[in-house]
Structures are given as structure tokens and as C-alpha cells.
file data_25.tsv (TSV, C-alpha atoms)
chain	number	residue	atom	x	y	z
A	1	MET	CA	95.91	-9.72	51.52
A	2	LEU	CA	97.96	-9.43	54.71
A	3	SER	CA	97.30	-6.66	57.19
A	4	GLU	CA	98.72	-5.52	60.51
A	5	PRO	CA	96.43	-5.85	63.51
A	6	LYS	CA	95.53	-2.40	64.81
A	7	GLY	CA	95.79	-1.02	68.32
A	8	ASP	CA	97.20	-2.75	71.37
A	9	GLN	CA	96.98	-6.29	69.97
A	10	SER	CA	94.51	-7.30	72.69
A	11	GLN	CA	92.21	-8.74	70.06
A	12	VAL	CA	91.61	-12.45	69.54
A	13	PHE	CA	94.13	-14.37	67.47
A	14	ALA	CA	94.09	-17.83	65.91
A	15	LEU	CA	96.64	-20.02	64.22
A	16	ALA	CA	94.73	-21.70	61.43
A	17	ALA	CA	94.99	-23.78	58.26
A	18	LEU	CA	93.47	-21.93	55.32
A	19	LEU	CA	91.32	-23.87	52.88
A	20	ASP	CA	92.20	-24.12	49.21
A	21	ASP	CA	90.42	-21.80	46.76
A	22	THR	CA	87.86	-24.42	45.69
A	23	HIS	CA	86.68	-25.12	49.23
A	24	THR	CA	86.88	-21.48	50.25
A	25	ASP	CA	84.40	-20.82	47.43
A	26	LYS	CA	82.20	-23.71	48.62
A	27	VAL	CA	82.03	-22.28	52.15
A	28	HIS	CA	81.19	-18.84	50.74
A	29	GLN	CA	78.40	-20.49	48.69
A	30	VAL	CA	77.04	-22.08	51.89
A	31	TRP	CA	77.10	-18.66	53.61
A	32	ASP	CA	75.30	-17.06	50.65
A	33	LEU	CA	72.64	-19.79	50.65
A	34	LEU	CA	72.11	-19.46	54.42
A	35	GLU	CA	71.62	-15.73	54.06
A	36	ARG	CA	69.27	-16.06	51.08
A	37	GLU	CA	67.17	-19.02	52.32
A	38	CYS	CA	67.31	-18.67	56.12
A	39	GLY	CA	68.03	-14.98	56.62
A	40	LEU	CA	71.25	-15.88	58.45
A	41	LYS	CA	74.46	-13.98	57.95
A	42	ALA	CA	77.84	-15.29	59.10
A	43	LEU	CA	78.63	-12.17	61.12
A	44	ASP	CA	80.94	-13.60	63.75
A	45	VAL	CA	83.02	-15.70	61.35
A	46	PRO	CA	86.23	-14.58	59.62
A	47	PRO	CA	85.89	-14.22	55.84
A	48	TYR	CA	88.72	-16.77	55.50
A	49	PRO	CA	87.29	-20.29	55.88
A	50	HIS	CA	89.77	-22.24	57.99
A	51	ILE	CA	90.50	-24.86	60.63
A	52	SER	CA	91.81	-23.36	63.86
A	53	PHE	CA	94.72	-25.06	65.63
A	54	HIS	CA	95.21	-22.54	68.43
A	55	GLY	CA	93.63	-19.39	69.80
A	56	ALA	CA	94.76	-16.70	72.24
A	57	ALA	CA	93.97	-13.15	73.29
A	58	ALA	CA	97.45	-12.09	72.18
A	59	TYR	CA	100.72	-13.52	70.89
A	60	GLN	CA	104.34	-12.48	71.04
A	61	LEU	CA	104.05	-12.03	67.30
A	62	ASP	CA	107.72	-11.60	66.40
A	63	GLU	CA	108.79	-14.76	68.24
A	64	LEU	CA	105.80	-16.76	67.05
A	65	ASP	CA	106.43	-15.65	63.48
A	66	ARG	CA	110.06	-16.88	63.63
A	67	GLN	CA	108.98	-20.24	65.05
A	68	LEU	CA	106.22	-20.71	62.51
A	69	HIS	CA	108.57	-19.97	59.62
A	70	GLU	CA	110.80	-22.77	60.91
A	71	ILE	CA	108.00	-25.25	61.61
A	72	THR	CA	106.09	-24.74	58.37
A	73	ARG	CA	109.22	-25.46	56.33
A	74	LYS	CA	109.17	-28.97	57.80
A	75	ILE	CA	105.45	-29.69	57.37
A	76	GLU	CA	104.46	-31.18	54.04
A	77	PRO	CA	101.17	-30.08	52.50
A	78	PHE	CA	98.50	-32.52	53.65
A	79	ARG	CA	94.93	-33.51	52.93
A	80	ILE	CA	91.98	-33.38	55.26
A	81	HIS	CA	88.55	-34.93	54.88
A	82	THR	CA	85.24	-33.54	56.04
A	83	THR	CA	81.91	-35.18	56.60
A	84	GLY	CA	78.46	-33.93	57.52
A	85	LEU	CA	77.29	-30.90	59.42
A	86	GLY	CA	77.40	-30.44	63.18
A	87	VAL	CA	76.47	-28.09	66.00
A	88	PHE	CA	78.38	-27.16	69.11
A	89	THR	CA	75.50	-26.55	71.50
A	90	GLY	CA	75.46	-23.87	74.16
A	91	LYS	CA	74.33	-20.30	74.73
A	92	ILE	CA	75.72	-19.33	71.33
A	93	PRO	CA	75.60	-22.44	69.09
A	94	VAL	CA	78.20	-22.97	66.39
A	95	VAL	CA	77.28	-24.70	63.13
A	96	TYR	CA	80.27	-26.38	61.53
A	97	ILE	CA	81.57	-28.93	59.05
A	98	PRO	CA	83.45	-31.64	60.98
A	99	VAL	CA	86.98	-32.49	59.89
A	100	VAL	CA	88.03	-36.12	60.30
A	101	ALA	CA	90.66	-36.25	63.05
A	102	SER	CA	93.29	-38.34	61.22
A	103	LYS	CA	96.58	-39.24	62.88
A	104	PRO	CA	98.63	-36.91	60.61
A	105	LEU	CA	96.28	-34.01	61.41
A	106	LEU	CA	96.44	-34.73	65.15
A	107	ASP	CA	100.25	-34.92	65.01
A	108	ILE	CA	100.48	-31.56	63.24
A	109	HIS	CA	98.05	-30.05	65.72
A	110	GLN	CA	100.09	-31.37	68.65
A	111	GLN	CA	103.29	-29.85	67.24
A	112	LEU	CA	101.61	-26.49	66.56
A	113	TRP	CA	99.89	-26.46	69.96
A	114	GLU	CA	103.13	-27.04	71.83
A	115	THR	CA	104.99	-24.32	69.94
A	116	THR	CA	102.24	-21.73	69.77
A	117	SER	CA	101.25	-22.01	73.44
A	118	HIS	CA	104.66	-20.66	74.48
A	119	PHE	CA	103.89	-17.36	72.77
A	120	GLY	CA	100.21	-16.88	73.65
A	121	THR	CA	98.44	-14.95	76.38
A	122	ARG	CA	95.07	-16.18	77.67
A	123	VAL	CA	95.20	-19.26	75.48
A	124	ASN	CA	91.84	-20.78	74.52
A	125	MET	CA	92.01	-24.18	76.18
A	126	LEU	CA	89.31	-25.66	73.90
A	127	TYR	CA	92.09	-26.07	71.34
A	128	GLN	CA	94.33	-28.19	73.57
A	129	PRO	CA	94.97	-31.64	72.07
A	130	ASP	CA	92.68	-33.56	74.45
A	131	LEU	CA	89.68	-31.30	73.71
A	132	TRP	CA	90.25	-30.12	70.14
A	133	VAL	CA	87.52	-30.91	67.62
A	134	PRO	CA	88.80	-29.99	64.14
A	135	HIS	CA	86.11	-28.19	62.16
A	136	ILE	CA	85.27	-25.48	59.66
A	137	THR	CA	82.95	-22.93	61.23
A	138	ILE	CA	79.90	-22.11	59.13
A	139	LEU	CA	77.92	-19.98	61.55
A	140	HIS	CA	78.73	-18.63	65.00
A	141	ASP	CA	75.99	-16.41	66.20
A	142	GLU	CA	72.85	-16.42	68.27
A	143	ILE	CA	70.84	-19.11	66.50
A	144	ASP	CA	67.41	-20.18	67.65
A	145	THR	CA	65.64	-23.48	67.02
A	146	GLY	CA	63.89	-22.09	63.94
A	147	CYS	CA	67.25	-21.12	62.42
A	148	LEU	CA	68.66	-24.57	63.11
A	149	ASN	CA	65.62	-26.15	61.49
A	150	CYS	CA	66.15	-24.00	58.39
A	151	ILE	CA	69.88	-24.82	58.25
A	152	PHE	CA	69.43	-28.56	58.58
A	153	SER	CA	66.41	-28.65	56.25
A	154	LEU	CA	68.48	-26.83	53.65
A	155	PHE	CA	71.48	-29.16	53.93
A	156	ILE	CA	69.98	-32.49	55.08
A	157	GLU	CA	70.89	-34.16	51.79
A	158	THR	CA	74.30	-32.48	51.45
A	159	PRO	CA	77.04	-34.90	52.56
A	160	PHE	CA	79.85	-32.30	52.88
A	161	THR	CA	82.34	-35.07	52.08
A	162	TRP	CA	85.20	-32.90	50.92
A	163	GLU	CA	88.88	-33.68	50.45
A	164	ILE	CA	90.89	-30.51	50.96
A	165	GLU	CA	94.57	-29.92	50.34
A	166	ILE	CA	96.10	-27.80	53.10
A	167	ASN	CA	99.23	-25.99	51.99
A	168	ARG	CA	99.10	-22.78	54.05
A	169	LEU	CA	98.76	-21.75	57.65
A	170	ALA	CA	97.96	-18.25	58.85
A	171	ILE	CA	97.70	-16.12	61.93
A	172	LEU	CA	94.22	-14.58	61.87
A	173	TYR	CA	92.93	-11.90	64.19
A	174	ARG	CA	89.72	-10.21	65.19
A	175	LYS	CA	89.36	-6.91	66.97
A	176	GLN	CA	85.76	-5.86	67.49
A	177	GLU	CA	84.21	-6.11	64.02
A	178	GLU	CA	87.51	-6.20	62.13
A	179	TYR	CA	88.99	-9.46	60.85
A	180	GLY	CA	92.44	-9.68	59.39
A	181	LEU	CA	95.16	-11.99	58.19
A	182	TYR	CA	98.32	-11.06	60.07
A	183	GLN	CA	100.72	-13.50	58.43
A	184	GLU	CA	100.53	-16.43	56.04
A	185	TYR	CA	102.91	-19.42	55.90
A	186	SER	CA	103.32	-21.79	52.96
A	187	LEU	CA	104.01	-25.36	53.99
A	188	ASN	CA	107.38	-26.90	53.03
A	189	GLN	CA	108.59	-23.85	51.12
call {"tool": "encode", "arguments": {"input": "data_25.tsv", "output": "C-alpha cells"}}
result
Amino acid sequence: MLSEPKGDQSQVFALAALLDDTHTDKVHQVWDLLERECGLKALDVPPYPHISFHGAAAYQLDELDRQLHEITRKIEPFRIHTTGLGVFTGKIPVVYIPVVASKPLLDIHQQLWETTSHFGTRVNMLYQPDLWVPHITILHDEIDTGCLNCIFSLFIETPFTWEIEINRLAILYRKQEEYGLYQEYSLNQ
């Protein structure tokens, strides 16, 4: 379901690839298991499992929308592969499923980065091509060592070797506690 971002559009935006229904369900199952077994709830994660290509505080949405309609007509649906479970360490750790950085994926990211950056304000530089680590966020919250132990104990034997067909991109947004899907783009349509 698409929805308009509310207010002054100063919320956080992301250009992302949405997962197919099968893998969206798998991520939701992981979230449910983490809540049930570890008491962890994916509070700071959009309800749409995805791979982010770009992030910004705001976009010139009309211009970006026109450009993305053009670009996505030229991008063929593609497959990605995942493997394992990882953690971005720091003050607020992020638990994620790594996506293999294949040449086709990196090429698509480069094209989207170059286009999207022209229309963004306060662009998140962690998504620039030289720093980007493609991933599916599982948990982004204040996680202590005990939580990490529970997570990895729970999934230590789970390979997370998924093959996912990507056939849609979307502009996602977050403003305070609200997440939304501003616009969705089918690839090569």
C-alpha cells in the first residue's frame, strides 16, 4: 500500500529494492522468532524487508520520481544471493543478512547512486559506492551482548543462503515512528 509522507518531508528516506513475497515472509518469520525467543522486537526497522541503495533526509520527490520511472524501465529484474548473518558494530549495532556484492548489483547501485544523489538533501554517505555494504537489516536497535548471544545461538546453524528475485524498487520513508512506502517502481515495465 502506497502512502504520502506526512508533514514537511524532513523525515528519512531510502531508495530500496523490495524483497519478493517469499523472502519478505522469511524475514518476518525471523523477526517473530527473535521476539518470541530473545524478547527482541524489530522496532527501528521498516516493515518492508529491503536492500537500501541510497538514503537522505529529504528528496526532491517529483524530480526523483520522474528519473526513477525512466531508470527502472531499463533495469531488468535481477537475482541477489545472501549468505550468513552479520553485525555492524557500534553504539547501536545492526544485525543483518549480507547480500553478495555481485558485479550486476554493484553496477545497478552505481547507476542509482549517481541519479538519486542529485535529488537528495543530507545524503547518507554510507551508501556511496566505495562504502556500501548490501544487506537486509534484521534488527537495528540497542542490542547488548546478551541479545547478540541469543540471536547467534538461535541462528548459528541457519545458513541464510537465499536467492531472491528483485523486480521492484521503492522509495521508503520514516518520520518518527511512522514508516511508509512513498512510491513503488516495477523493473522493466
call {"tool": "atom_distance", "arguments": {"input": "data_25.tsv", "atom1": "atom CA of Thr137 of chain A", "atom2": "atom CA of Ala101 of chain A"}}
result
15.5 Å
call {"tool": "closest_residue", "arguments": {"input": "data_25.tsv", "among": "A:Lys41, A:Glu165, A:His118, A:Leu106", "to": "Leu131 of chain A", "atoms": "only C-alpha atoms"}}
result
A:Leu106
call {"tool": "atom_distance", "arguments": {"input": "data_25.tsv", "atom1": "atom CA of Val95 of chain A", "atom2": "atom CA of Leu68 of chain A"}}
result
29.2 Å
call {"tool": "residues_around", "arguments": {"input": "data_25.tsv", "residues": "Pro93 of chain A", "least_positions_apart": "2", "cutoff": "8 Å", "atoms": "only C-alpha atoms", "output": "short mmCIF file (atom, residue, chain, number, x, y, z; two decimals) with C-alpha atoms, keeping the file's coordinate frame"}}
result
data_model
loop_
_atom_site.label_atom_id
_atom_site.label_comp_id
_atom_site.auth_asym_id
_atom_site.auth_seq_id
_atom_site.Cartn_x
_atom_site.Cartn_y
_atom_site.Cartn_z
CA VAL A 87 76.47 -28.09 66.00
CA PHE A 88 78.38 -27.16 69.11
CA THR A 89 75.50 -26.55 71.50
CA GLY A 90 75.46 -23.87 74.16
CA LYS A 91 74.33 -20.30 74.73
CA VAL A 95 77.28 -24.70 63.13
CA HIS A 140 78.73 -18.63 65.00
CA ASP A 141 75.99 -16.41 66.20
CA GLU A 142 72.85 -16.42 68.27
CA ILE A 143 70.84 -19.11 66.50
#
call {"tool": "atom_distance", "arguments": {"input": "data_25.tsv", "atom1": "atom CA of Gln128 of chain A", "atom2": "atom CA of Leu181 of chain A"}}
result
22.4 Å
call {"tool": "residues_around", "arguments": {"input": "data_25.tsv", "residues": "Asn188 of chain A", "least_positions_apart": "4", "cutoff": "10 Å", "atoms": "all atoms listed in the file", "output": "short mmCIF file (atom, residue, chain, number, x, y, z; two decimals) with C-alpha atoms, keeping the file's coordinate frame"}}
result
data_model
loop_
_atom_site.label_atom_id
_atom_site.label_comp_id
_atom_site.auth_asym_id
_atom_site.auth_seq_id
_atom_site.Cartn_x
_atom_site.Cartn_y
_atom_site.Cartn_z
CA HIS A 69 108.57 -19.97 59.62
CA GLU A 70 110.80 -22.77 60.91
CA ILE A 71 108.00 -25.25 61.61
CA THR A 72 106.09 -24.74 58.37
CA ARG A 73 109.22 -25.46 56.33
CA LYS A 74 109.17 -28.97 57.80
CA ILE A 75 105.45 -29.69 57.37
CA GLU A 76 104.46 -31.18 54.04
CA PRO A 77 101.17 -30.08 52.50
CA ASN A 167 99.23 -25.99 51.99
CA ARG A 168 99.10 -22.78 54.05
#
call {"tool": "axis_aligned_box", "arguments": {"input": "data_25.tsv", "around": "segment 91-101 of chain A", "padding_each_side": "6 Å", "output": "AutoDock Vina command-line options"}}
result
--center_x 82.5 --center_y -27.8 --center_z 66.9 --size_x 28.3 --size_y 28.9 --size_z 27.7
call {"tool": "closest_residue", "arguments": {"input": "data_25.tsv", "among": "A:Cys147, A:Ile51, A:Leu139, A:Ile156", "to": "Val100 of chain A", "atoms": "only C-alpha atoms"}}
result
A:Ile51
call {"tool": "closest_residue", "arguments": {"input": "data_25.tsv", "among": "A:Val45, A:Leu34, A:Val123, A:Val99", "to": "Ile164 of chain A", "atoms": "only C-alpha atoms"}}
result
A:Val99
call {"tool": "closest_residue", "arguments": {"input": "data_25.tsv", "among": "A:Thr22, A:Ser102, A:Thr115, A:Asn124", "to": "Ala58 of chain A", "atoms": "only C-alpha atoms"}}
result
A:Asn124
call {"tool": "residues_around", "arguments": {"input": "data_25.tsv", "residues": "Tyr96 of chain A", "least_positions_apart": "4", "cutoff": "6 Å", "atoms": "all atoms listed in the file", "output": "compact mmCIF listing (two decimals) with C-alpha atoms, keeping the file's coordinate frame"}}
result
# COMPACT_ATOMS: atom_id res chain seq x y z
CA LEU A 85 77.29 -30.90 59.42
CA GLY A 86 77.40 -30.44 63.18
CA ILE A 136 85.27 -25.48 59.66
CA THR A 137 82.95 -22.93 61.23
CA ILE A 138 79.90 -22.11 59.13
call {"tool": "residues_around", "arguments": {"input": "data_25.tsv", "residues": "Asp107 of chain A", "least_positions_apart": "4", "cutoff": "12 Å", "atoms": "all atoms listed in the file", "output": "MDAnalysis selection string"}}
result
chainID A and resid 53 75 78 101:103 111:114 129
call {"tool": "closest_residue", "arguments": {"input": "data_25.tsv", "among": "A:Arg79, A:His109, A:His23, A:Arg66", "to": "Ile97 of chain A", "atoms": "only C-alpha atoms"}}
result
A:His23
call {"tool": "residues_around", "arguments": {"input": "data_25.tsv", "residues": "Leu18 of chain A", "least_positions_apart": "5", "cutoff": "9 Å", "atoms": "only C-alpha atoms", "output": "ChimeraX atom specification"}}
result
/A:24,48-52,166-170,184
call {"tool": "closest_residue", "arguments": {"input": "data_25.tsv", "among": "A:Thr145, A:Thr116, A:Ala17, A:Phe155", "to": "Asp65 of chain A", "atoms": "all atoms listed in the file"}}
result
A:Thr116
